[in-house]
Each structure stands twice: as C-alpha cells, then as structure tokens.
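**Q** Next comes run-v4.txt, compact mmCIF, C-alpha atoms:
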```txt
# COMPACT_ATOMS: atom_id res chain seq x y z
CA MET A 1 76.37 -47.82 -70.15
CA ASN A 2 75.61 -44.47 -71.59
CA LEU A 3 73.14 -41.62 -71.55
CA PHE A 4 71.58 -40.26 -74.73
CA ARG A 5 69.38 -37.29 -75.51
CA SER A 6 66.51 -39.71 -76.17
CA LYS A 7 65.81 -43.37 -76.89
CA GLU A 8 65.77 -42.48 -80.56
CA HIS A 9 69.30 -41.12 -80.28
CA ALA A 10 70.38 -44.36 -78.58
CA ARG A 11 68.83 -46.43 -81.37
CA LYS A 12 70.62 -44.29 -83.97
CA TRP A 13 73.98 -44.62 -82.20
CA SER A 14 76.60 -46.28 -84.38
CA GLN A 15 77.25 -48.88 -81.66
CA PHE A 16 73.63 -49.76 -80.95
CA LYS A 17 73.27 -53.52 -81.22
CA ALA A 18 70.26 -55.13 -82.83
CA GLY A 19 68.28 -57.21 -80.35
CA THR A 20 69.25 -55.12 -77.32
CA GLU A 21 66.17 -52.91 -77.19
CA ALA A 22 65.66 -54.16 -73.62
CA GLY A 23 68.80 -52.28 -72.66
CA LEU A 24 67.00 -48.96 -73.07
CA LEU A 25 65.62 -47.26 -69.97
CA THR A 26 64.01 -43.91 -69.36
CA LEU A 27 66.00 -41.53 -67.19
CA GLY A 28 63.48 -41.98 -64.40
CA ASP A 29 63.77 -45.76 -64.48
CA ALA A 30 67.56 -45.55 -64.57
CA MET A 31 67.42 -43.36 -61.47
CA ARG A 32 65.18 -45.92 -59.75
CA VAL A 33 67.64 -48.70 -60.58
CA MET A 34 70.36 -46.70 -58.86
CA SER A 35 68.30 -45.87 -55.79
CA THR A 36 68.37 -49.07 -53.75
CA PRO A 37 70.56 -49.40 -50.63
CA ARG A 38 73.29 -50.97 -52.77
CA HIS A 39 73.92 -47.51 -54.21
CA ARG A 40 72.50 -45.28 -51.49
CA ASN A 41 74.68 -46.75 -48.74
CA ARG A 42 78.11 -46.26 -50.26
CA LEU A 43 78.98 -43.66 -47.63
CA SER A 44 78.25 -46.18 -44.88
CA ALA A 45 81.21 -47.20 -42.74
CA LYS A 46 79.96 -50.79 -43.07
CA TYR A 47 79.32 -50.81 -46.81
CA VAL A 48 81.46 -53.78 -47.75
CA SER A 49 80.31 -56.07 -44.96
CA THR A 50 76.66 -55.23 -45.58
CA ALA A 51 76.84 -55.32 -49.39
CA PRO A 52 75.54 -58.91 -49.66
CA GLU A 53 72.40 -57.86 -47.79
CA THR A 54 71.71 -55.11 -50.32
CA LEU A 55 71.86 -57.30 -53.40
CA PRO A 56 68.30 -58.75 -53.25
CA ALA A 57 66.68 -55.30 -53.31
CA PHE A 58 68.82 -54.31 -56.29
CA VAL A 59 67.91 -57.50 -58.15
CA ALA A 60 64.23 -56.92 -57.39
CA ARG A 61 64.41 -53.32 -58.56
CA LEU A 62 65.97 -54.35 -61.87
CA LEU A 63 63.16 -56.81 -62.46
CA GLU A 64 60.48 -54.35 -61.38
CA VAL A 65 61.75 -51.55 -63.61
CA SER A 66 62.22 -53.82 -66.62
CA GLY A 67 58.98 -55.76 -66.26
CA ASN A 68 60.90 -58.96 -65.48
CA ALA A 69 62.95 -58.74 -68.66
CA PRO A 70 65.62 -61.50 -68.83
CA PHE A 71 68.07 -58.81 -69.98
CA TRP A 72 67.94 -57.30 -66.47
CA ASP A 73 67.72 -60.54 -64.47
CA LEU A 74 70.74 -60.98 -62.19
CA ARG A 75 69.45 -64.16 -60.56
CA PRO A 76 71.51 -67.30 -61.15
CA GLY A 77 70.30 -69.70 -63.78
CA MET B 1 90.12 -56.18 -36.05
CA THR B 2 88.55 -58.60 -38.53
CA ASP B 3 89.19 -58.81 -42.25
CA ALA B 4 85.68 -57.45 -42.79
CA ASP B 5 86.45 -54.45 -40.60
CA ARG B 6 89.59 -53.71 -42.58
CA LEU B 7 87.75 -53.94 -45.89
CA ASP B 8 85.00 -51.66 -44.57
CA GLN B 9 87.54 -49.13 -43.35
CA THR B 10 89.53 -49.12 -46.56
CA PHE B 11 86.42 -48.76 -48.69
CA HIS B 12 85.11 -45.95 -46.52
CA PHE B 13 88.42 -44.09 -46.63
CA ILE B 14 88.72 -44.31 -50.42
CA MET B 15 85.13 -43.19 -50.91
CA SER B 16 85.54 -40.31 -48.47
CA VAL B 17 88.65 -39.06 -50.26
CA PHE B 18 86.88 -39.31 -53.62
CA VAL B 19 83.94 -37.29 -52.32
CA ALA B 20 86.19 -34.64 -50.80
CA ARG B 21 88.64 -34.04 -53.61
CA GLY B 22 87.34 -35.77 -56.75
CA GLN B 23 90.32 -38.11 -57.03
CA ALA B 24 91.18 -41.45 -55.49
CA PRO B 25 93.90 -41.78 -52.88
CA HIS B 26 97.17 -43.57 -53.58
CA PHE B 27 97.85 -46.65 -51.48
CA THR B 28 100.48 -44.70 -49.55
CA GLU B 29 97.68 -42.39 -48.41
CA ILE B 30 95.68 -45.41 -47.32
CA ALA B 31 98.71 -46.50 -45.32
CA ALA B 32 99.20 -43.07 -43.80
CA ASN B 33 95.56 -42.80 -42.84
CA PHE B 34 95.66 -46.07 -40.92
CA SER B 35 99.22 -45.63 -39.62
CA ILE B 36 100.43 -48.80 -41.30
CA PRO B 37 103.41 -49.49 -43.58
CA ALA B 38 103.00 -48.57 -47.25
CA GLU B 39 103.15 -52.20 -48.33
CA GLU B 40 100.28 -52.99 -45.99
CA GLY B 41 98.32 -50.12 -47.53
CA LYS B 42 98.94 -51.62 -50.95
CA ARG B 43 97.84 -55.03 -49.73
CA ARG B 44 94.62 -53.58 -48.33
CA LEU B 45 93.92 -51.83 -51.61
CA HIS B 46 94.40 -55.01 -53.63
CA GLU B 47 92.25 -57.03 -51.20
CA LEU B 48 89.44 -54.53 -51.57
CA MET B 49 89.68 -54.36 -55.34
CA ALA B 50 89.55 -58.15 -55.56
CA LEU B 51 86.01 -58.14 -54.19
CA ARG B 52 83.10 -58.46 -56.57
CA LEU B 53 82.28 -54.77 -56.48
CA PRO B 54 82.28 -52.36 -59.45
CA ASN B 55 85.77 -51.04 -58.71
CA TRP B 56 89.05 -51.73 -60.51
CA LEU B 57 92.70 -50.78 -60.78
CA PHE B 58 94.38 -49.53 -63.92
CA PRO B 59 95.83 -52.74 -65.43
CA GLY B 60 99.32 -53.57 -64.26
CA THR B 61 99.41 -50.83 -61.64
CA ASP B 62 98.42 -50.12 -58.05
CA LEU B 63 96.38 -47.11 -59.16
CA ILE B 64 92.64 -46.92 -58.71
CA ALA B 65 91.06 -46.46 -62.13
CA SER B 66 87.44 -46.62 -61.08
CA PHE B 67 85.53 -46.76 -57.83
CA ALA B 68 81.79 -46.67 -58.37
CA PRO B 69 80.12 -44.29 -58.71
CA PHE B 70 83.30 -42.31 -59.45
CA ASN B 71 86.02 -42.66 -62.06
CA ASN B 72 89.61 -41.68 -61.47
CA LEU B 73 90.20 -41.21 -65.18
CA PRO B 74 88.11 -38.53 -66.86
CA THR B 75 84.99 -39.81 -68.57
CA GLN B 76 82.36 -37.94 -70.54
CA TYR B 77 80.20 -37.91 -67.37
CA ARG B 78 81.20 -34.71 -65.61
CA ILE B 79 79.75 -34.31 -62.14
CA SER B 80 79.22 -30.95 -60.47
CA VAL B 81 78.08 -30.37 -56.92
CA ASP B 82 76.44 -27.06 -56.14
CA GLY B 83 77.89 -25.79 -59.42
CA GLU B 84 81.49 -26.97 -58.90
CA GLN B 85 82.76 -29.58 -61.37
CA ARG B 86 85.34 -31.79 -59.64
CA TRP B 87 84.26 -35.38 -60.26
CA PHE B 88 83.81 -37.86 -63.08
CA ALA B 89 81.35 -40.74 -63.01
CA GLN B 90 82.13 -44.32 -63.93
CA CYS B 91 79.36 -44.52 -66.53
CA GLY B 92 75.98 -43.11 -67.44
CA LEU B 93 74.18 -45.21 -64.85
CA GLU B 94 76.61 -44.54 -62.02
CA ALA B 95 76.49 -40.84 -62.90
CA LEU B 96 72.96 -40.87 -61.47
CA ALA B 97 74.12 -42.67 -58.32
CA THR B 98 76.57 -39.88 -57.48
CA THR B 99 73.59 -38.09 -55.91
CA TRP B 100 73.86 -40.42 -52.90
CA MET B 101 77.44 -39.29 -52.29
CA PHE B 102 76.36 -35.71 -51.68
CA PRO B 103 73.32 -35.68 -49.38
CA GLY B 104 71.34 -32.45 -49.46
CA LYS B 105 73.34 -31.06 -52.37
CA LEU B 106 72.39 -30.44 -55.97
CA VAL B 107 74.34 -32.78 -58.23
CA THR B 108 74.54 -32.02 -61.94
CA VAL B 109 75.50 -34.55 -64.58
CA ASN B 110 76.79 -33.03 -67.80
CA ALA B 111 77.69 -35.17 -70.79
CA PRO B 112 77.59 -35.27 -74.55
CA CYS B 113 75.09 -37.53 -76.28
CA LEU B 114 77.19 -40.26 -77.91
CA ASP B 115 74.94 -40.23 -80.97
CA CYS B 116 75.07 -36.55 -81.86
CA GLY B 117 77.59 -34.91 -79.54
CA GLU B 118 75.03 -32.41 -78.33
CA PRO B 119 74.93 -31.79 -74.57
CA LEU B 120 72.64 -33.36 -72.04
CA SER B 121 72.28 -32.28 -68.46
CA VAL B 122 70.55 -33.65 -65.36
CA ASP B 123 70.10 -32.03 -61.94
CA ILE B 124 69.49 -34.44 -59.04
CA LEU B 125 68.86 -33.73 -55.37
CA ASP B 126 68.85 -36.67 -52.96
CA GLY B 127 67.82 -39.06 -55.70
CA GLU B 128 65.09 -36.86 -57.13
CA ILE B 129 65.54 -35.64 -60.69
CA LYS B 130 64.93 -31.91 -60.56
CA ARG B 131 65.72 -31.03 -64.16
CA ALA B 132 66.62 -32.91 -67.31
CA ASP B 133 67.64 -31.22 -70.54
CA PRO B 134 66.43 -32.46 -72.92
CA GLY B 135 63.41 -33.89 -71.21
CA ASP B 136 63.52 -37.40 -72.63
CA ILE B 137 67.09 -38.43 -71.84
CA ALA B 138 67.51 -42.20 -72.01
CA PHE B 139 69.98 -44.78 -70.75
CA TYR B 140 71.28 -47.63 -72.91
CA VAL B 141 73.46 -50.64 -72.29
CA ASP B 142 74.02 -53.34 -74.90
CA LEU B 143 75.04 -56.07 -72.48
CA PRO B 144 72.64 -58.11 -70.32
CA VAL B 145 73.21 -57.39 -66.64
CA LYS B 146 74.51 -60.91 -65.93
CA LYS B 147 77.48 -60.23 -68.20
CA TRP B 148 78.45 -56.91 -66.65
CA TYR B 149 80.86 -58.45 -64.17
CA GLY B 150 82.70 -60.32 -66.92
CA ASN B 151 84.44 -57.12 -67.99
CA LEU B 152 83.21 -54.16 -66.00
CA PRO B 153 85.18 -51.40 -67.75
CA PHE B 154 83.55 -52.35 -71.03
CA ALA B 155 80.04 -53.16 -69.84
```
Rewrite the structure from the file as structure tokens, please.

**A**
Amino acid sequence: MNLFRSKEHARKWSQFKAGTEAGLLTLGDAMRVMSTPRHRNRLSAKYVSTAPETLPAFVARLLEVSGNAPFWDLRPG
Amino acid sequence: MTDADRLDQTFHFIMSVFVARGQAPHFTEIAANFSIPAEEGKRRLHELMALRLPNWLFPGTDLIASFAPFNNLPTQYRISVDGEQRWFAQCGLEALATTWMFPGKLVTVNAPCLDCGEPLSVDILDGEIKRADPGDIAFYVDLPVKKWYGNLPFA
C-alpha cells in the first residue's frame, strides 16, 4: 500500500506484480477512497459502535472509484 | 456501561493520544485515564485490538504497533501538521486519511518513492488535496482488497 511519483514508477517498482494493474489508483481516487465516514469519523466518540454502519459507503466508494473492478470488491462472494 | 461503550471509549482515548503526541499510549495510560487497574487497561486494549479494524499490536507484546491511520513504528510516510512532523502513517493510503484527524489544519505527507527514492509530497486540508509534488503521484497495492484483512501489516 504505497505511494509512487507516478503510475509509471509503480509499474517499474521491483515488487510490482504482473496482473495487478487494477491496484493502481490516481492520488485523487485514493483520496476519495479514504473520504467516506469509515475514515472521516475516527475522531468520533462512537466510532467503534458505529463502524458497521460505515462499511457500506466504503464498499460502494471502492466500487465507484475502480469502475466495479473485482480487485476492489469487498462484498462477500 | 456496555461492552460497546468501553470499546468506544478505549478507541477514542487511543486515537486522541495519537493525535496529540504522535505516539500511542501504553495500556497503563489507558488504565490511568479510566481510573481502572492496569490489568483491566491491558484487557481493554486487547479486546479493542481483537476487533476487525486496521489496528494491531507488535507480535508477542502489549504494545500498539499500528492504529489506523497512524503507525507507532516509523514508516516512510511522515506526517506533518501545520509544518510540524510528529506522526507516521500506517501506509500510503492511510497517509491520506490522516487529514481527517486534524480538522482545519494543513496536513503534509512526505515520503520517498519506493521505485526511485526521490521525494514525493502531498498537502491536504480537510480532505482536499491542495498540492502534490510531483503532480501525478499514484497509489499501488498488489493485493485485492478482500485479502487485506488476512495479514494487514503486509497488505
């Protein structure tokens, strides 16, 4: 789970794995992934007890950002 | 007080300490904060860390290793707030989420590119990317999201 100077740098990385192109995101999309209540609400005094409620929006955001890529699909199955 | 209340309180205390000083509290500090015996503080810590959240202890210890979005061990993701570097992020993705821990403040992520070692830097204010250098910084993970929870430190 790392940041690179560009997608090309990520592809050139010695540990880049063939077939994982779907694991590349732009910085803007990565920020969007981390901007649902699951991440925004961590200062909440009720974070743990409300965490299950925040999961659907996170799952939806992953799918939206990735264009429904299976690589980013957290849904069971 | 319910179990859920205790978990909420423990989580909130740990996160608040991390935000304030850049390091996690020891379980004895959890105990002191809630005026409970040290062993009860340790039990609360282990209960919390057993939940399916992206937090973990250093193996074989009672020490918090990581508590998303922060890391208690230095990582290459150095986090500065209003120019002061005091925090480390859990990973490249969580580095971006540190913005939500500091409302109204400019958060800067500084890290080396793992391909070339050259620096990259991102300024974020309340979730809005204000500056990125270079301009086409990218995120990469080689593991499908469903497998992240199998071994979080190595995802």

**Q** Should the cut-off be 8 Å, what would the residue list for chain A against chain B look like, counting only C-alpha atoms, as a PyMOL selection string?

**A** chain A and resi 1-7+9-10+12-14+16-17+20+23-28+30-31+34-35+39-49+70-74

**Q** Dig up all the protein and nucleic acid residues within 9 Å of (87.8, -34.2, -63.1) in the file frame, using only C-alpha atoms, and format them as a list of chain:residue names.

**A**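 Residues close enough to count: B:Gly22, B:Gln23, B:Asn71, B:Asn72, B:Leu73, B:Pro74, B:Thr75, B:Arg78, B:Ile79, B:Gln85, B:Arg86, B:Trp87, B:Phe88.
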
**Q** I'd like the neighbourhood of Ala31 of chain B as a ChimeraX atom specification, where a residue qualifies if any of its atoms comes within 10 Å (using all atoms listed in the file), though same-chain residues fewer than 3 positions away should be ignored.

**A** /B:10,26-28,34-45

**Q** To one decimal in Å, tell me the separation between atom CA of Asn68 of chain A and atom CA of Asn55 of chain B.

**A**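 According to the coordinates, atom CA of Asn68 of chain A and atom CA of Asn55 of chain B are separated by 27.0 Å.
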
**Q** Calculate how many Å separate atom CA of Val107 of chain B from atom CA of Val81 of chain B, rounding to one decimal.

**A**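 Separation between atom CA of Val107 of chain B and atom CA of Val81 of chain B: 4.6 Å.
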